[in-house]
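In what follows, a single structure is set out as structure tokens and then discussed.
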Amino acid sequence: MKRTLLFLMLSVIGFFSQAQTLTVSVPTITATPGQVVYIPVKLTGASSSGVPISSANIQITYDTAVLHYDTLTNFYTGTPQSQWFFSGHDGLVSANWLEPSLGTLAIPNNTTLYEIKFTYKGGNSPLNFFVYEFTNAAYDLIPTTPVNGAVNAPLVYHLVTFKVDMSRENITSSGVHLAGSFNNWSYTQTPMTLTPNSIYEATVNVLENATHQYRFVNGNTVSGLETVPVSCGVLNGTGQYDRQITVPNHDTTYNAVCFSMCSHCPASVTVTCRVDMQGETVSPDGVHVSGTFNNWNYAQNPMTSIGGTIYETSMTMDEGTYMEFKYANGISALQAETVPGACALNGNRYFTVPAHDTVMTSYCFGSCTACGTIAQYSHVTFRVDMHLQSVSPNGVHLAGTFQGWNPASTPMTLSTNEIYTFTDSLLTNTSIQYKFVNGNTVSGYELVPIACSSNGDRSLLVPSNDTILNLVCFSACNPCGPGIGTDELTVAGISLDQNFPNPFSGTTEIGYHINKNGTLKLAVYNSMGRLISVIFDGPVKPGTDKKSFQANGLPSGMYFCQMVFTTQDGITTKNIKLIIK
């Protein structure tokens, strides 16, 4: 009988304790950076229908990168501030309370004990109860349930329009689709609409600041996925590459890119090569042109006489294609011309295909000039202003096609006010490319802004008279000084931040600030000034933002990120150095 009574008594006590459970909670709220937020800490269950409490110990964790702790405020009148001991540091807010005179207090349900005052920096911070202890009149712990919360930015979505040029593809009967992390890599969910000029487009609604990988699909199955080049892709874990974007803080339409390419589809251009065979005994095998475009096959591209001693042949090539070539009086390398150094690179003639059909000048076989003419030379003086640079102890040099791109063989002379000069005798009417070098190695090459470069280099058609070239700032289009188009200068309201981390081996963030509407292009170049990747190219609004760049297996070394910001007022260009470990 006693054993039964004891069991019943314990059962009643257990049931009574379960009825006395408290709930302590903080909410989940949204905020904007810079906003002061008040987080109420609420208590339920300590009223006359529950159990009066005698003490409380509450500890809540937060992310210091997202929230700045200010203080506790707005205390419940029954537990005024003078009865609390509280602090906030290192990501933890602690608050302890003890009812005076060893008493208890029945707190109404859903009462805000106090509020935590934070300043919101941006991002997402969970608010988790680390300690939640309340005691009754006997100072025994009361069972308590915590309800965690958070402070984060409101979810903001933007429309992002993707475009792809399919002019070089045979479109399947299933059409063109867009697949990516924003649609769970569905090959059917996001069809693209055909617009003029074989451009397909699709618009998706995606979360601001989210990073997504994607690819275009010719069809609606995995077999139609494009192959993304390494120079504009990110590894996806399968050994292949995806395109990637980070959603900006506004609706965005990206420029059309060619399917399986990093930029627009190059134009198909007819290039006509011509050579004058005057003074040569033409081989029975005929005249040919050979070069990088045909893997130096001396028999593949025969040339036809168009009258007199002029021979020509036409080829269809892609805009922007760089080629080196030679003419051959026959079909073997032994019968190829010897190109004079004044118009040679690597011992060959060279040419970059423009965006329009082109007929080359008919130079004399084995010469830089027309047959029957005497080579004419002009003195050309190059000038660069280095006063915004820390000049290398090895001095300043000039490198280009006219001297074999040797960064150490052509030192420039300091004249006045950090202006360096060099004068050379160059063959008239020849086109040369060149760069200034801070030092005497390729790592010192300047990064020539897009607005005044040809394939990343400065260019010059050598005039027929002695010439002193306009003074330019190192890595800029214009003289050093304030104004549109300057580089590495202080342009009010426009800045490009050094990437972080730097050096890096995986991903780095590049921040920028602009003060007006315009078009922004961020591109990465190697130390030779060759384009590696276009990080972003599109319209932007005033504000501060950042973009991600992945090393993508690039070799260690120095690279450059160039910002070109274009408005109705002109162009502002800025560069920063990137170091990949």
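Ordered as shown in the structure tokens, chains take letters A, B, and onward, while each chain numbers its residues from 1 and ligands are numbered from 1 in the order shown.
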
Contacts of His250 in chain A at 9 Å or less, counting only C-alpha atoms, minus same-chain residues fewer than 4 places along, as a count of residues only?
-> 7

Quick one: everything within 7 Å of Val289 in chain A, counting only C-alpha atoms, minus sequence neighbours fewer than 2 positions away in the same chain. Send it as a short mmCIF file (atom, residue, chain, number, x, y, z; two decimals) with C-alpha atoms, in the first residue's frame.
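Listing of part_36.cif after writing:
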```cif
data_model
loop_
_atom_site.label_atom_id
_atom_site.label_comp_id
_atom_site.auth_asym_id
_atom_site.auth_seq_id
_atom_site.Cartn_x
_atom_site.Cartn_y
_atom_site.Cartn_z
CA GLY A 291 50.99 29.92 -91.66
CA TYR A 298 53.01 24.88 -97.75
CA ASN A 301 46.71 27.37 -100.07
CA PRO A 302 47.81 28.06 -103.66
CA LYS A 326 54.96 33.45 -95.07
CA TYR A 327 54.75 33.29 -98.82
CA ALA A 328 56.44 30.37 -100.56
#
```

Nearest to Ala375 in chain A: which of A:Ser390, A:Asn429, A:Ser87, A:Thr423 is it, counting only C-alpha atoms?
-> A:Asn429

Using only C-alpha atoms, determine which residues lie at most 7 Å from range 397-399 of chain A, disregarding the query and same-chain residues fewer than 5 positions distant; provide the list as a PDB file with C-alpha atoms, in the first residue's frame.
```
ATOM      1  CA  TRP A 405      59.071  41.763 -77.597  1.00  0.00           C
ATOM      2  CA  ASN A 406      62.237  41.717 -75.512  1.00  0.00           C
ATOM      3  CA  PRO A 407      61.395  43.570 -72.259  1.00  0.00           C
ATOM      4  CA  ALA A 408      65.073  44.178 -71.411  1.00  0.00           C
ATOM      5  CA  THR A 410      65.308  48.710 -75.165  1.00  0.00           C
ATOM      6  CA  PRO A 411      65.882  50.974 -72.129  1.00  0.00           C
ATOM      7  CA  MET A 412      64.182  54.361 -72.081  1.00  0.00           C
ATOM      8  CA  TYR A 434      54.253  47.893 -78.352  1.00  0.00           C
ATOM      9  CA  LYS A 435      54.066  48.402 -74.582  1.00  0.00           C
ATOM     10  CA  PHE A 436      55.980  50.263 -71.926  1.00  0.00           C
ATOM     11  CA  VAL A 437      57.688  48.171 -69.248  1.00  0.00           C
ATOM     12  CA  ASN A 438      58.248  49.154 -65.625  1.00  0.00           C
ATOM     13  CA  GLY A 439      61.427  47.163 -65.142  1.00  0.00           C
ATOM     14  CA  ASN A 440      62.964  44.687 -67.553  1.00  0.00           C
TER      15      ASN A 440
END
```

Hey, what's within 10 Å of Gly45 in chain A if we count only C-alpha atoms and toss same-chain stuff fewer than 4 positions away? As a list in words, please?
->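 In the requested format, the answer is Ala19, Gln20, Thr21, Leu22, Thr23, Val24, Ser49, Gly50, Val51, Pro52, Ile53, Ala106, Ile107, Pro108, Asn109, Asn110, Thr111 and Thr144 of chain A.
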
Compile the contact shell of Pro191 in chain A as a PyMOL selection string: residues with an atom at most 9 Å away, counting only C-alpha atoms, same-chain residues fewer than 4 positions apart removed.
-> chain A and resi 175-178+187+201-202+220

Compare A:Ile571, A:Cys371, A:Met563, A:Leu554 by their minimum atom-to-atom distance to Ser231 in chain A, counting only C-alpha atoms, and give me the closest one.
->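 Ranking A:Ile571, A:Cys371, A:Met563, A:Leu554 by distance to Ser231 in chain A, first place goes to A:Leu554.
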
Gap from CA of Thr227 in chain A to CA of Ser260 in chain A - Å, one decimal |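 Separation of CA of Thr227 in chain A and CA of Ser260 in chain A: 5.0 Å.
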
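Note that DSSP on the backbone gives helix (DSSP H, G or I) to these residues of range 164-317 of chain A: A:Ser181, A:Phe182, A:Asn183, A:Pro196, A:Asn197, A:Ser198, A:Val222, A:Ser223, A:Gly224, A:Val230, A:Ser231, A:Cys232, A:Thr292, A:Phe293, A:Asn294.
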
Test item: residues at most 10 Å from Met323 in chain A, only C-alpha atoms, excluding those fewer than 5 positions along its chain, as an MDAnalysis selection string | chainID A and resid 291:294 348:353

Keeping only N, CA and C atoms, write the selected residues as a PDB file, in the first residue's frame.
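File written: selection-v9.pdb
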```pdb
ATOM      1  N   GLY A 291      50.870  29.281 -92.959  1.00  0.00           N
ATOM      2  CA  GLY A 291      50.990  29.925 -91.655  1.00  0.00           C
ATOM      3  C   GLY A 291      50.273  29.166 -90.562  1.00  0.00           C
ATOM      4  N   THR A 292      50.064  29.860 -89.475  1.00  0.00           N
ATOM      5  CA  THR A 292      49.398  29.237 -88.325  1.00  0.00           C
ATOM      6  C   THR A 292      47.975  28.822 -88.656  1.00  0.00           C
ATOM      7  N   PHE A 293      47.360  29.470 -89.654  1.00  0.00           N
ATOM      8  CA  PHE A 293      45.968  29.181 -89.997  1.00  0.00           C
ATOM      9  C   PHE A 293      45.809  27.832 -90.701  1.00  0.00           C
ATOM     10  N   ASN A 294      46.898  27.286 -91.284  1.00  0.00           N
ATOM     11  CA  ASN A 294      46.812  25.986 -91.957  1.00  0.00           C
ATOM     12  C   ASN A 294      47.898  25.026 -91.480  1.00  0.00           C
ATOM     13  N   ASN A 348      58.332  35.761 -89.018  1.00  0.00           N
ATOM     14  CA  ASN A 348      57.195  35.624 -89.918  1.00  0.00           C
ATOM     15  C   ASN A 348      56.471  36.960 -90.091  1.00  0.00           C
ATOM     16  N   ARG A 349      55.723  37.080 -91.164  1.00  0.00           N
ATOM     17  CA  ARG A 349      54.765  38.162 -91.262  1.00  0.00           C
ATOM     18  C   ARG A 349      53.655  37.876 -90.252  1.00  0.00           C
ATOM     19  N   TYR A 350      52.916  38.889 -89.825  1.00  0.00           N
ATOM     20  CA  TYR A 350      51.865  38.670 -88.829  1.00  0.00           C
ATOM     21  C   TYR A 350      50.692  39.597 -89.116  1.00  0.00           C
ATOM     22  N   PHE A 351      49.520  39.163 -88.652  1.00  0.00           N
ATOM     23  CA  PHE A 351      48.308  39.899 -88.987  1.00  0.00           C
ATOM     24  C   PHE A 351      47.204  39.485 -88.017  1.00  0.00           C
ATOM     25  N   THR A 352      46.392  40.465 -87.593  1.00  0.00           N
ATOM     26  CA  THR A 352      45.213  40.185 -86.776  1.00  0.00           C
ATOM     27  C   THR A 352      43.978  40.527 -87.593  1.00  0.00           C
ATOM     28  N   VAL A 353      43.078  39.570 -87.744  1.00  0.00           N
ATOM     29  CA  VAL A 353      41.925  39.730 -88.625  1.00  0.00           C
ATOM     30  C   VAL A 353      40.960  40.772 -88.054  1.00  0.00           C
TER      31      VAL A 353
END
```

Can you work out which one of A:Asn183, A:Ser125, A:Thr573, A:Thr211 has the shortest atom-to-atom distance to Lys521 in chain A, counting only C-alpha atoms?
->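 Answer, going by the shortest atom-to-atom distance: A:Thr573.
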
Kindly indicate which residue among A:Ala56, A:Val234, A:Ile576, A:Leu92 lies nearest to Thr79 in chain A, using only C-alpha atoms for the distances.
-> A:Ala56

Nearest-residue call for Thr61 in chain A, choices A:Tyr241, A:Tyr525, A:Tyr132, A:Tyr120, using only C-alpha atoms = A:Tyr132

Applying 10 Å and only C-alpha atoms, which residues near Leu113 in chain A remain after dropping the ones on its own chain fewer than 2 positions away? List them as a CSV table (one decimal) with C-alpha atoms, in the first residue's frame.
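File produced: around-v8.csv:
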```csv
chain,number,residue,atom,x,y,z
A,24,VAL,CA,11.6,32.0,-24.0
A,40,PRO,CA,12.5,41.5,-27.9
A,41,VAL,CA,13.3,38.6,-25.5
A,42,LYS,CA,9.8,37.3,-24.6
A,43,LEU,CA,8.7,34.9,-21.8
A,73,THR,CA,16.9,48.4,-23.2
A,74,ASN,CA,13.1,48.7,-22.7
A,75,PHE,CA,13.0,46.4,-19.6
A,76,TYR,CA,9.7,45.0,-18.3
A,77,THR,CA,8.5,47.3,-15.5
A,78,GLY,CA,8.3,44.3,-13.1
A,79,THR,CA,12.0,43.6,-13.6
A,80,PRO,CA,13.5,47.1,-14.1
A,81,GLN,CA,17.0,47.6,-15.5
A,107,ILE,CA,5.1,37.7,-15.2
A,110,ASN,CA,4.0,36.9,-23.8
A,111,THR,CA,5.9,39.6,-21.8
A,115,GLU,CA,15.1,44.2,-25.9
```

What is the CA of Thr413 in chain A to CA of Val396 in chain A distance in Å?
->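 We find that CA of Thr413 in chain A and CA of Val396 in chain A lie 7.8 Å from each other.
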
Residues flagged strand (DSSP E) by DSSP in range 37-132 of chain A, as a PyMOL selection string = chain A and resi 37-44+55-61+67-73+84-89+92-98+111-120+124-132

Keeping only N, CA and C atoms, write those residues as a short mmCIF file (atom, residue, chain, number, x, y, z; two decimals), in the first residue's frame.
```
data_model
loop_
_atom_site.label_atom_id
_atom_site.label_comp_id
_atom_site.auth_asym_id
_atom_site.auth_seq_id
_atom_site.Cartn_x
_atom_site.Cartn_y
_atom_site.Cartn_z
N VAL A 37 18.26 47.79 -34.86
CA VAL A 37 17.18 46.83 -34.63
C VAL A 37 17.06 46.53 -33.14
N TYR A 38 15.83 46.27 -32.70
CA TYR A 38 15.55 45.93 -31.32
C TYR A 38 14.97 44.52 -31.29
N ILE A 39 15.64 43.61 -30.61
CA ILE A 39 15.23 42.21 -30.56
C ILE A 39 14.56 41.94 -29.22
N PRO A 40 13.23 41.73 -29.20
CA PRO A 40 12.54 41.46 -27.92
C PRO A 40 12.79 40.03 -27.45
N VAL A 41 13.13 39.89 -26.17
CA VAL A 41 13.25 38.58 -25.54
C VAL A 41 11.98 38.36 -24.74
N LYS A 42 11.12 37.44 -25.22
CA LYS A 42 9.80 37.27 -24.64
C LYS A 42 9.71 35.99 -23.80
N LEU A 43 8.87 36.06 -22.74
CA LEU A 43 8.67 34.94 -21.84
C LEU A 43 7.19 34.61 -21.75
N THR A 44 6.88 33.33 -21.83
CA THR A 44 5.50 32.84 -21.71
C THR A 44 5.47 31.71 -20.69
N SER A 55 14.42 33.85 -10.57
CA SER A 55 15.66 34.30 -11.21
C SER A 55 15.67 33.86 -12.67
N ALA A 56 16.55 34.49 -13.44
CA ALA A 56 16.69 34.16 -14.85
C ALA A 56 18.14 34.30 -15.26
N ASN A 57 18.59 33.41 -16.14
CA ASN A 57 19.93 33.48 -16.74
C ASN A 57 19.75 33.20 -18.24
N ILE A 58 19.92 34.25 -19.05
CA ILE A 58 19.67 34.12 -20.50
C ILE A 58 20.93 34.53 -21.25
N GLN A 59 21.40 33.65 -22.13
CA GLN A 59 22.55 33.97 -22.97
C GLN A 59 22.20 33.65 -24.42
N ILE A 60 22.45 34.62 -25.31
CA ILE A 60 22.08 34.49 -26.72
C ILE A 60 23.31 34.78 -27.57
N THR A 61 23.60 33.91 -28.53
CA THR A 61 24.73 34.12 -29.43
C THR A 61 24.30 34.88 -30.68
N LEU A 67 26.05 41.75 -36.83
CA LEU A 67 25.41 42.60 -35.83
C LEU A 67 26.45 43.24 -34.92
N HIS A 68 26.23 44.52 -34.61
CA HIS A 68 27.04 45.21 -33.60
C HIS A 68 26.18 45.40 -32.36
N TYR A 69 26.62 44.82 -31.25
CA TYR A 69 25.86 44.94 -30.01
C TYR A 69 25.96 46.35 -29.46
N ASP A 70 24.82 46.93 -29.10
CA ASP A 70 24.80 48.26 -28.49
C ASP A 70 24.51 48.18 -27.00
N THR A 71 23.34 47.65 -26.61
CA THR A 71 22.99 47.57 -25.19
C THR A 71 21.68 46.80 -25.04
N LEU A 72 21.23 46.62 -23.79
CA LEU A 72 19.89 46.14 -23.50
C LEU A 72 19.02 47.34 -23.12
N THR A 73 17.76 47.29 -23.48
CA THR A 73 16.89 48.44 -23.25
C THR A 73 15.44 47.97 -23.12
N TRP A 84 18.89 43.87 -13.32
CA TRP A 84 19.56 43.01 -14.30
C TRP A 84 21.06 43.29 -14.32
N PHE A 85 21.81 42.23 -14.56
CA PHE A 85 23.24 42.34 -14.84
C PHE A 85 23.42 41.81 -16.27
N PHE A 86 23.96 42.66 -17.15
CA PHE A 86 23.99 42.25 -18.56
C PHE A 86 25.25 42.76 -19.25
N SER A 87 25.63 42.09 -20.34
CA SER A 87 26.78 42.49 -21.14
C SER A 87 26.64 41.86 -22.52
N GLY A 88 27.43 42.38 -23.46
CA GLY A 88 27.44 41.84 -24.81
C GLY A 88 28.81 42.01 -25.44
N HIS A 89 29.45 40.92 -25.80
CA HIS A 89 30.77 40.98 -26.45
C HIS A 89 31.09 39.60 -27.02
N LEU A 92 28.24 37.12 -27.83
CA LEU A 92 27.37 36.57 -26.79
C LEU A 92 26.77 37.71 -25.96
N VAL A 93 25.43 37.70 -25.85
CA VAL A 93 24.72 38.63 -24.96
C VAL A 93 24.27 37.86 -23.74
N SER A 94 24.70 38.33 -22.55
CA SER A 94 24.34 37.66 -21.30
C SER A 94 23.50 38.59 -20.45
N ALA A 95 22.43 38.04 -19.83
CA ALA A 95 21.57 38.84 -18.95
C ALA A 95 21.13 37.96 -17.77
N ASN A 96 21.37 38.46 -16.53
CA ASN A 96 20.99 37.73 -15.31
C ASN A 96 20.11 38.60 -14.45
N TRP A 97 19.05 37.94 -13.86
CA TRP A 97 18.09 38.69 -13.02
C TRP A 97 17.76 37.86 -11.79
N LEU A 98 17.61 38.54 -10.65
CA LEU A 98 17.21 37.90 -9.39
C LEU A 98 16.18 38.78 -8.72
N THR A 111 5.28 38.33 -22.27
CA THR A 111 5.90 39.58 -21.83
C THR A 111 7.30 39.72 -22.43
N THR A 112 7.63 40.93 -22.87
CA THR A 112 8.99 41.24 -23.31
C THR A 112 9.82 41.60 -22.09
N LEU A 113 10.74 40.71 -21.73
CA LEU A 113 11.58 40.98 -20.55
C LEU A 113 12.49 42.19 -20.79
N TYR A 114 13.05 42.26 -21.98
CA TYR A 114 13.90 43.38 -22.39
C TYR A 114 14.12 43.25 -23.89
N GLU A 115 14.76 44.26 -24.47
CA GLU A 115 15.10 44.23 -25.89
C GLU A 115 16.60 44.40 -26.04
N ILE A 116 17.18 43.64 -27.00
CA ILE A 116 18.60 43.79 -27.31
C ILE A 116 18.71 44.78 -28.47
N LYS A 117 19.52 45.80 -28.29
CA LYS A 117 19.70 46.81 -29.33
C LYS A 117 20.97 46.47 -30.13
N PHE A 118 20.78 46.24 -31.44
CA PHE A 118 21.89 45.95 -32.34
C PHE A 118 21.90 46.99 -33.47
N THR A 119 23.07 47.14 -34.07
CA THR A 119 23.17 47.84 -35.36
C THR A 119 23.49 46.78 -36.41
N TYR A 120 22.63 46.72 -37.44
CA TYR A 120 22.74 45.68 -38.46
C TYR A 120 23.73 46.10 -39.54
N ASN A 124 23.41 37.59 -42.61
CA ASN A 124 22.46 36.79 -41.84
C ASN A 124 23.09 36.35 -40.54
N SER A 125 22.44 36.67 -39.43
CA SER A 125 22.95 36.26 -38.13
C SER A 125 21.87 35.48 -37.38
N PRO A 126 22.10 34.20 -37.11
CA PRO A 126 21.18 33.49 -36.22
C PRO A 126 21.25 34.08 -34.81
N LEU A 127 20.16 34.02 -34.10
CA LEU A 127 20.10 34.39 -32.69
C LEU A 127 19.69 33.13 -31.93
N ASN A 128 20.67 32.49 -31.33
CA ASN A 128 20.42 31.20 -30.68
C ASN A 128 20.60 31.31 -29.17
N PHE A 129 19.70 30.66 -28.42
CA PHE A 129 19.82 30.63 -26.96
C PHE A 129 20.93 29.66 -26.58
N PHE A 130 21.95 30.21 -25.94
CA PHE A 130 23.07 29.41 -25.48
C PHE A 130 22.80 28.89 -24.06
N VAL A 131 22.19 29.74 -23.23
CA VAL A 131 21.73 29.37 -21.89
C VAL A 131 20.33 29.93 -21.70
N TYR A 132 19.40 29.14 -21.13
CA TYR A 132 18.04 29.62 -20.86
C TYR A 132 17.59 28.95 -19.56
#
```

Pick from A:Pro229, A:Gly320, A:Gly123, A:Gly91, whichever lies nearest to His356 in chain A using only C-alpha atoms = A:Gly320
